[in-house]
Amino acid sequence: MDSSVHVPATASSARPALARRAARHRLLVALAVVAGALPPLVGNGYFYDVAILVAFNAVVCVGLNLLIGYAGQVSLGHAGFYGLGGYGTALLASKYAWPSLLALGAAAAAVALIAFVVARPILKLRGHYLAMATLGLGIIVSIVLATEDRITGGPDGMQVPPLAVAGVAVSGELAWYAIAVGTLLAAVWIASNLVASPAGRALRALHTSEVAAQVAGIDVARYKLLAFVLSAALAALAGGLAAFHAGFVTPATASFLRSIEFVTMVVFGGMASTAGAIVGAAVLTLLPQVLTALRDYETIVFGAILVATMIFLPRGIVPALARLARGTRWMR
Amino acid sequence: MTGMWLQFLVTGITVGAIYALVAIGFSIVFNASNVINFAQGEFVMIGGMSAVSLLATGIPMTLALPGAVAVAAIVGLVVEKLAIERARRADVVPLIIITIGASIFLRGLAQLVFDKSVHRLPPLAGERPLDVFGAAVVPQSLWVIGVTLVIVVALTLFFHRTRAGKAMRAVSHNRLAAELVGIDVRKVLRASFGLAAALGAVGGVLIAPIAFTSYDAGIMLGLKGFAAAMLGGLGSFPGAVAGGLTLGVLESAGAGYVSSAYKDAIAFVILLAVLLLRPDGLLGARSRDRV
């Protein structure tokens with residue numbers, strides 16, 4: 001399935017393909033420019049803390065958006081994969097003293113394998129049923145993590161040794177910022193290539209109608225599987241990196257509420273839009289930071305914002321803004 | 001040893017009755033609107049916490065408990081009016097987020113209006129456990145089972161004997177046809193949310209003397225109620241009752257014989273098993289794909 005990730009848009013006519021490739025990587029360039037420009041402008045410790053958090057969440061959302069936004073398959077359990085990635089990395093790096101990057105890669109690969117195994121039966125379900133199955137799966141993962149305290153440390157969680165690349169421990173905000181942003185750029189690159197490939201068209205086709213896609217000769221099950229496994233692997237990768245960054249993992253990383261947060265970020269930013277997934281991750285990571293000023297009103301305002309956005313902007317912020325921008329251009 | 005399994009059975013049926021009430025609420029709302037209301041569990045919490053607050057103001061129990069149910073029903077109607085009605089044509093995912101947002105909102109509101117501590121309601125009929133063939137049964141258990149039984153009978157009569165109940169069933173079978181014969185579908189939707197909220201609150205009021213209540217007690221109860229609804233067949237009224245009781249008994253037996261640490265996981269393992277093996281539930285009608 002990796003082969004389909006790198007397939008270029010079309011080989012039929014050169015000019016449109018080139019133009020499309022430029023459009024495809026516009027987001028990547030814009031993101032790199034913004035990420036590069038921010039530290040000199042607002043480079044204080046608090047900025048780095050939040051920006052790193054945003055980037056990790058955005059990696060999860062870029063992957064999840066392939067599944068929810070493009071393929072139209074809901075998952076209310078991706079925090080389970082995120083948590084498993086974190087715990088897998090932590091266990092391999094601490095108990096078995098594996099090198100950091102090997103632990104990270106092995107954990108992400110293991111989670112991808114788990115996702116691959118559970119995907120076949122689960123992805124036969126649709127709509128609410130799929131949502132509930134993934135929800136159940138995520139909750140089971142978080143209960144197991146909280147209960148098997150001899151391995152995971154139980155509800156208190158476990159320590160994670162510092163990230164070391166080629167024997168050198170990563171320290172400092174700037175280094176972590178670079179790692180987080182680099183991972184996000186890689187995730188965006190993978191996602192935008194996938195979306196522009198035949199696989200991306202297949203995902204969008206099955207979103208519109210699975211039956212019609214099947215009739216058109218698309219192997220629906222295979223493409224759903226692809227989106228599911230890729231999104232799970234990205235979630236696990238982000239989970240592992242976040243565990244290294246925080247220095248510990250707790251079962252809360254795999255909780256139902258965390259899954260909800262991820263889905264909300266994707267839907268809030270705008271489904272079927274990679275830029276939307278990143279904006280959603282940024283806004284919803286920043287929002288609680290801002291809302292803490294409201295103290296007791298924090299939860300209530302958060303809930304109200306969720307409901308209001310979904311009612312008034314059901315397509316999410318970025319697509320709504322894009323339409324607005326197009327609209328004003330037409331008027332001129 | 002008979003006492004053991006009898007004990008698990010009674011405990012299971014007691015909790016299962018609450019799951020059944022929540023599951024009926026899920027099914028009623030689903031039938032009227034095809035919405036899975038993730039805020040359903042919050043009405044259980046609102047019922048329990050309102051009863052605690054009303055009792056604290058000195059209102060007698062006989063008024064406080066129905067009052068708490070009424071509060072939850074009103075909140076249910078408001079949620080329907082403010083959130084669901086405006087998003088009638090939304091897709092599945094935005095609808096899921098809306099009801100989740102509503103549940104977060106209600107939880108936040110409960111923190112403000114009530115408080116963040118754990119409360120217990122006094123039981124309706126004393127604390128002393130009765131001895132039933134070696135099993136210790138708290139009187140509140142009998143209240144839970146008895147009231148649930150009355151509600152099930154009353155709802156059955158309502159759905160089959162009254163115009164309003166028949167209208168609700170008609171909408172669940174075919175919304176367009178129901179509209180064509182002059183049924184006010186929006187009114188049915190509103191009534192469904194109110195009724196579902198009230199049912200959840202009854203569960204919350206009944207279980208608070210046994211399982212306590214707090215502002216965040218609704219999440220798990222709601223999710224398990226949903227598992228019960230799925231187990232019985234989403235949208236099926238007898239299915240919701242059977243699913244709730246089965247889930248309650250399996251959970252309490254599992255906690256007793258297998259592992260009490262995994263008590264909360266049992267509901268979700270069952271949920272997954274049902275979804276994968278028999279997605280229409282034990283008593284639900286088989287659904288087919290339509291192009």
# chains A, B, ... in the order shown; residues from 1 in each chain; ligands from 1
>>> interface_residues(of="chain A", to="chain B", cutoff="9 Å", atoms="only C-alpha atoms", output="PyMOL selection string")
chain A and resi 68+72-74+121-122+124-125+127-137+139-140+143-144+147+209+211-212+260+263-264+267+296-312+314-315
>>> write_last_selection(atoms="C-alpha atoms", output="PDB file, in the first residue's frame")
ATOM      1  CA  ILE A  68     -12.700  11.269   8.464  1.00  0.00           C
ATOM      2  CA  GLY A  72     -15.729   9.795   5.388  1.00  0.00           C
ATOM      3  CA  GLN A  73     -15.123   7.175   8.077  1.00  0.00           C
ATOM      4  CA  VAL A  74     -15.534   8.340  11.679  1.00  0.00           C
ATOM      5  CA  PRO A 121     -13.909  -6.213  10.562  1.00  0.00           C
ATOM      6  CA  ILE A 122     -14.446  -2.723  11.969  1.00  0.00           C
ATOM      7  CA  LYS A 124     -17.339  -2.928   7.432  1.00  0.00           C
ATOM      8  CA  LEU A 125     -19.436  -0.821   9.784  1.00  0.00           C
ATOM      9  CA  GLY A 127     -21.796   5.912  10.329  1.00  0.00           C
ATOM     10  CA  HIS A 128     -22.878   5.686  13.948  1.00  0.00           C
ATOM     11  CA  TYR A 129     -21.975   2.011  14.135  1.00  0.00           C
ATOM     12  CA  LEU A 130     -18.387   2.644  13.085  1.00  0.00           C
ATOM     13  CA  ALA A 131     -18.219   5.542  15.547  1.00  0.00           C
ATOM     14  CA  MET A 132     -19.340   3.309  18.395  1.00  0.00           C
ATOM     15  CA  ALA A 133     -16.994   0.449  17.469  1.00  0.00           C
ATOM     16  CA  THR A 134     -13.963   2.743  17.375  1.00  0.00           C
ATOM     17  CA  LEU A 135     -15.140   4.368  20.591  1.00  0.00           C
ATOM     18  CA  GLY A 136     -15.354   0.954  22.262  1.00  0.00           C
ATOM     19  CA  LEU A 137     -11.906   0.032  21.001  1.00  0.00           C
ATOM     20  CA  ILE A 139     -11.992   2.902  25.726  1.00  0.00           C
ATOM     21  CA  ILE A 140     -10.823  -0.709  26.038  1.00  0.00           C
ATOM     22  CA  ILE A 143      -8.852   0.751  30.518  1.00  0.00           C
ATOM     23  CA  VAL A 144      -6.121  -1.811  29.785  1.00  0.00           C
ATOM     24  CA  THR A 147      -5.290  -1.507  34.787  1.00  0.00           C
ATOM     25  CA  SER A 209     -21.038   6.711  -2.178  1.00  0.00           C
ATOM     26  CA  VAL A 211     -21.694   1.500  -3.631  1.00  0.00           C
ATOM     27  CA  ALA A 212     -21.025   3.835  -6.561  1.00  0.00           C
ATOM     28  CA  ILE A 260     -13.132  13.453  20.979  1.00  0.00           C
ATOM     29  CA  VAL A 263     -12.115  14.463  15.982  1.00  0.00           C
ATOM     30  CA  THR A 264     -13.238  17.917  17.039  1.00  0.00           C
ATOM     31  CA  VAL A 267     -14.130  18.776  12.050  1.00  0.00           C
ATOM     32  CA  ASP A 296     -15.011  27.639  36.195  1.00  0.00           C
ATOM     33  CA  TYR A 297     -16.584  28.659  32.907  1.00  0.00           C
ATOM     34  CA  GLU A 298     -13.943  26.857  30.839  1.00  0.00           C
ATOM     35  CA  THR A 299     -15.831  23.614  30.185  1.00  0.00           C
ATOM     36  CA  ILE A 300     -19.123  25.341  29.494  1.00  0.00           C
ATOM     37  CA  VAL A 301     -17.597  27.770  26.963  1.00  0.00           C
ATOM     38  CA  PHE A 302     -15.707  24.925  25.265  1.00  0.00           C
ATOM     39  CA  GLY A 303     -18.930  22.945  24.850  1.00  0.00           C
ATOM     40  CA  ALA A 304     -20.815  25.980  23.565  1.00  0.00           C
ATOM     41  CA  ILE A 305     -18.113  26.739  20.978  1.00  0.00           C
ATOM     42  CA  LEU A 306     -18.237  23.146  19.732  1.00  0.00           C
ATOM     43  CA  VAL A 307     -21.994  23.199  19.300  1.00  0.00           C
ATOM     44  CA  ALA A 308     -22.057  26.668  17.737  1.00  0.00           C
ATOM     45  CA  THR A 309     -19.324  25.892  15.196  1.00  0.00           C
ATOM     46  CA  MET A 310     -21.026  22.718  14.093  1.00  0.00           C
ATOM     47  CA  ILE A 311     -24.375  24.441  13.717  1.00  0.00           C
ATOM     48  CA  PHE A 312     -23.189  27.562  11.916  1.00  0.00           C
ATOM     49  CA  PRO A 314     -20.752  22.519   9.641  1.00  0.00           C
ATOM     50  CA  ARG A 315     -17.970  22.343   7.043  1.00  0.00           C
TER      51      ARG A 315
END
>>> residues_around(residues="range 178-187 of chain B", least_positions_apart="4", cutoff="12 Å", atoms="only C-alpha atoms", output="list of chain:residue names")
B:Asn31, B:Ala32, B:Ser33, B:Leu77, B:Glu80, B:Lys81, B:Ile84, B:Glu85, B:Arg86, B:Arg88, B:Arg163, B:Ala164, B:Gly165, B:Lys166, B:Ala167, B:Met168, B:Arg169, B:Ala170, B:Val171, B:Ser172, B:His173, B:Asn174, B:Ala191, B:Ser192, B:Phe193, B:Gly194
>>> residues_around(residues="range 198-214 of chain B", least_positions_apart="2", cutoff="8 Å", atoms="only C-alpha atoms", output="ChimeraX atom specification")
/B:15,18,21-22,24-25,40-41,43-49,51,65,68-70,72-73,76,116-123,140,143-144,194-196,216-217
>>> write_last_selection(atoms="C-alpha atoms", output="PDB file, in the first residue's frame")
ATOM      1  CA  VAL B  15     -27.660  -1.740  37.388  1.00  0.00           C
ATOM      2  CA  ILE B  18     -30.660   1.791  34.846  1.00  0.00           C
ATOM      3  CA  LEU B  21     -33.708   3.286  31.029  1.00  0.00           C
ATOM      4  CA  VAL B  22     -30.789   5.060  29.349  1.00  0.00           C
ATOM      5  CA  ILE B  24     -34.683   3.305  25.927  1.00  0.00           C
ATOM      6  CA  GLY B  25     -33.851   7.010  25.809  1.00  0.00           C
ATOM      7  CA  GLN B  40     -28.026  11.093  27.010  1.00  0.00           C
ATOM      8  CA  GLY B  41     -25.849  10.109  29.982  1.00  0.00           C
ATOM      9  CA  PHE B  43     -29.525  13.562  31.901  1.00  0.00           C
ATOM     10  CA  VAL B  44     -28.860  10.720  34.344  1.00  0.00           C
ATOM     11  CA  MET B  45     -26.391  13.037  36.085  1.00  0.00           C
ATOM     12  CA  ILE B  46     -28.771  16.023  35.957  1.00  0.00           C
ATOM     13  CA  GLY B  47     -31.511  13.884  37.518  1.00  0.00           C
ATOM     14  CA  GLY B  48     -29.312  12.734  40.368  1.00  0.00           C
ATOM     15  CA  MET B  49     -27.659  16.091  41.038  1.00  0.00           C
ATOM     16  CA  ALA B  51     -32.502  15.740  43.319  1.00  0.00           C
ATOM     17  CA  LEU B  65     -37.507  13.481  43.030  1.00  0.00           C
ATOM     18  CA  ALA B  68     -35.465  16.561  39.454  1.00  0.00           C
ATOM     19  CA  VAL B  69     -36.973  14.523  36.617  1.00  0.00           C
ATOM     20  CA  ALA B  70     -38.865  17.601  35.432  1.00  0.00           C
ATOM     21  CA  ALA B  72     -33.928  17.100  33.272  1.00  0.00           C
ATOM     22  CA  ALA B  73     -36.873  16.953  30.865  1.00  0.00           C
ATOM     23  CA  GLY B  76     -33.650  17.954  27.250  1.00  0.00           C
ATOM     24  CA  LYS B 116     -17.718  19.169  41.987  1.00  0.00           C
ATOM     25  CA  SER B 117     -18.127  16.792  44.917  1.00  0.00           C
ATOM     26  CA  VAL B 118     -19.651  13.333  45.067  1.00  0.00           C
ATOM     27  CA  HIS B 119     -23.152  13.060  46.538  1.00  0.00           C
ATOM     28  CA  ARG B 120     -25.448  10.337  47.695  1.00  0.00           C
ATOM     29  CA  LEU B 121     -29.221  10.446  47.871  1.00  0.00           C
ATOM     30  CA  PRO B 122     -30.948   8.816  50.857  1.00  0.00           C
ATOM     31  CA  PRO B 123     -32.584   5.527  49.806  1.00  0.00           C
ATOM     32  CA  GLN B 140     -33.331   0.459  46.923  1.00  0.00           C
ATOM     33  CA  TRP B 143     -37.291   0.235  44.056  1.00  0.00           C
ATOM     34  CA  VAL B 144     -35.053   0.418  40.990  1.00  0.00           C
ATOM     35  CA  GLY B 194     -38.009  15.406  26.567  1.00  0.00           C
ATOM     36  CA  LEU B 195     -39.093  11.830  27.194  1.00  0.00           C
ATOM     37  CA  ALA B 196     -35.579  10.436  26.783  1.00  0.00           C
ATOM     38  CA  ASP B 216     -19.079  13.699  35.742  1.00  0.00           C
ATOM     39  CA  ALA B 217     -21.124  10.577  36.541  1.00  0.00           C
TER      40      ALA B 217
END
>>> atom_distance(atom1="CA of Val78 in chain B", atom2="CA of Phe26 in chain B")
17.1 Å
>>> select_by_dssp(residues="range 76-267 of chain B", states="helix (DSSP H, G or I)", output="VMD selection string")
chain B and resid 76 to 87 92 to 113 139 to 161 163 to 173 175 to 180 185 to 211 218 to 232 237 to 257 263 to 267
>>> residues_around(residues="Pro161 in chain A", least_positions_apart="5", cutoff="9 Å", atoms="only C-alpha atoms", output="list in words")
Ala90, Ala93, Ser94, Ser100, Phe244, Gly247 and Phe248 of chain A
>>> write_last_selection(atoms="C-alpha atoms", output="CSV table (one decimal), in the first residue's frame")
chain,number,residue,atom,x,y,z
A,90,ALA,CA,8.0,4.4,26.6
A,93,ALA,CA,12.9,2.9,25.5
A,94,SER,CA,12.9,2.4,29.3
A,100,SER,CA,14.9,6.2,21.0
A,244,PHE,CA,9.5,11.7,24.9
A,247,GLY,CA,9.0,12.7,29.9
A,248,PHE,CA,6.0,10.6,31.1
>>> select_by_dssp(residues="range 116-199 of chain A", states="strand (DSSP E or B)", output="number ranges by chain")
A: 158-159, 164-165, 168-169
>>> write_last_selection(atoms="C-alpha atoms", output="PDB file, in the first residue's frame")
ATOM      1  CA  MET A 158       5.196   5.851  33.674  1.00  0.00           C
ATOM      2  CA  GLN A 159       8.422   7.742  33.122  1.00  0.00           C
ATOM      3  CA  ALA A 164      18.386  10.666  22.056  1.00  0.00           C
ATOM      4  CA  VAL A 165      19.316  10.873  18.386  1.00  0.00           C
ATOM      5  CA  VAL A 168      22.975  12.669  21.745  1.00  0.00           C
ATOM      6  CA  ALA A 169      20.108  13.580  24.027  1.00  0.00           C
TER       7      ALA A 169
END
>>> atom_distance(atom1="CA of Ala197 in chain B", atom2="CA of Phe30 in chain B")
13.0 Å
>>> closest_residue(among="A:Ala55, A:Leu41, A:Ala272, A:Met265", to="Ser192 in chain A", atoms="only C-alpha atoms")
A:Ala272
>>> atom_distance(atom1="CA of Gly36 in chain A", atom2="CA of Val62 in chain A")
19.7 Å
>>> closest_residue(among="B:Thr246, B:Thr57, B:Ser259, B:Ser50", to="Lys224 in chain B", atoms="only C-alpha atoms")
B:Thr246
>>> residues_around(residues="Leu245 in chain B", least_positions_apart="6", cutoff="9 Å", atoms="only C-alpha atoms", output="list in words")
Gly12, Ile13, Thr14, Val15, Gly16, Ala17, Ile18, Tyr19, Ala20 and Ala228 of chain B
>>> write_last_selection(atoms="N, CA and C atoms", output="PDB file, in the first residue's frame")
ATOM      1  N   GLY B  12     -26.726  -7.196  39.202  1.00  0.00           N
ATOM      2  CA  GLY B  12     -26.721  -6.993  37.757  1.00  0.00           C
ATOM      3  C   GLY B  12     -28.035  -6.451  37.248  1.00  0.00           C
ATOM      4  N   ILE B  13     -29.132  -7.005  37.743  1.00  0.00           N
ATOM      5  CA  ILE B  13     -30.444  -6.549  37.276  1.00  0.00           C
ATOM      6  C   ILE B  13     -30.685  -5.104  37.724  1.00  0.00           C
ATOM      7  N   THR B  14     -30.218  -4.771  38.939  1.00  0.00           N
ATOM      8  CA  THR B  14     -30.400  -3.402  39.428  1.00  0.00           C
ATOM      9  C   THR B  14     -29.691  -2.401  38.522  1.00  0.00           C
ATOM     10  N   VAL B  15     -28.403  -2.639  38.273  1.00  0.00           N
ATOM     11  CA  VAL B  15     -27.660  -1.740  37.388  1.00  0.00           C
ATOM     12  C   VAL B  15     -28.220  -1.816  35.977  1.00  0.00           C
ATOM     13  N   GLY B  16     -28.566  -3.054  35.578  1.00  0.00           N
ATOM     14  CA  GLY B  16     -29.089  -3.269  34.234  1.00  0.00           C
ATOM     15  C   GLY B  16     -30.366  -2.490  33.984  1.00  0.00           C
ATOM     16  N   ALA B  17     -31.194  -2.342  35.035  1.00  0.00           N
ATOM     17  CA  ALA B  17     -32.437  -1.583  34.884  1.00  0.00           C
ATOM     18  C   ALA B  17     -32.119  -0.127  34.530  1.00  0.00           C
ATOM     19  N   ILE B  18     -31.065   0.415  35.158  1.00  0.00           N
ATOM     20  CA  ILE B  18     -30.660   1.791  34.846  1.00  0.00           C
ATOM     21  C   ILE B  18     -30.158   1.876  33.409  1.00  0.00           C
ATOM     22  N   TYR B  19     -29.311   0.900  33.024  1.00  0.00           N
ATOM     23  CA  TYR B  19     -28.834   0.877  31.633  1.00  0.00           C
ATOM     24  C   TYR B  19     -30.030   0.817  30.679  1.00  0.00           C
ATOM     25  N   ALA B  20     -31.034   0.024  31.066  1.00  0.00           N
ATOM     26  CA  ALA B  20     -32.209  -0.127  30.210  1.00  0.00           C
ATOM     27  C   ALA B  20     -32.911   1.220  30.029  1.00  0.00           C
ATOM     28  N   ALA B 228     -25.873  -1.020  25.773  1.00  0.00           N
ATOM     29  CA  ALA B 228     -27.082  -1.809  26.015  1.00  0.00           C
ATOM     30  C   ALA B 228     -28.052  -1.676  24.849  1.00  0.00           C
TER      31      ALA B 228
END
>>> closest_residue(among="A:Ala97, A:Val279, A:Ala186, A:Ala199", to="Ala227 in chain A", atoms="only C-alpha atoms")
A:Ala199
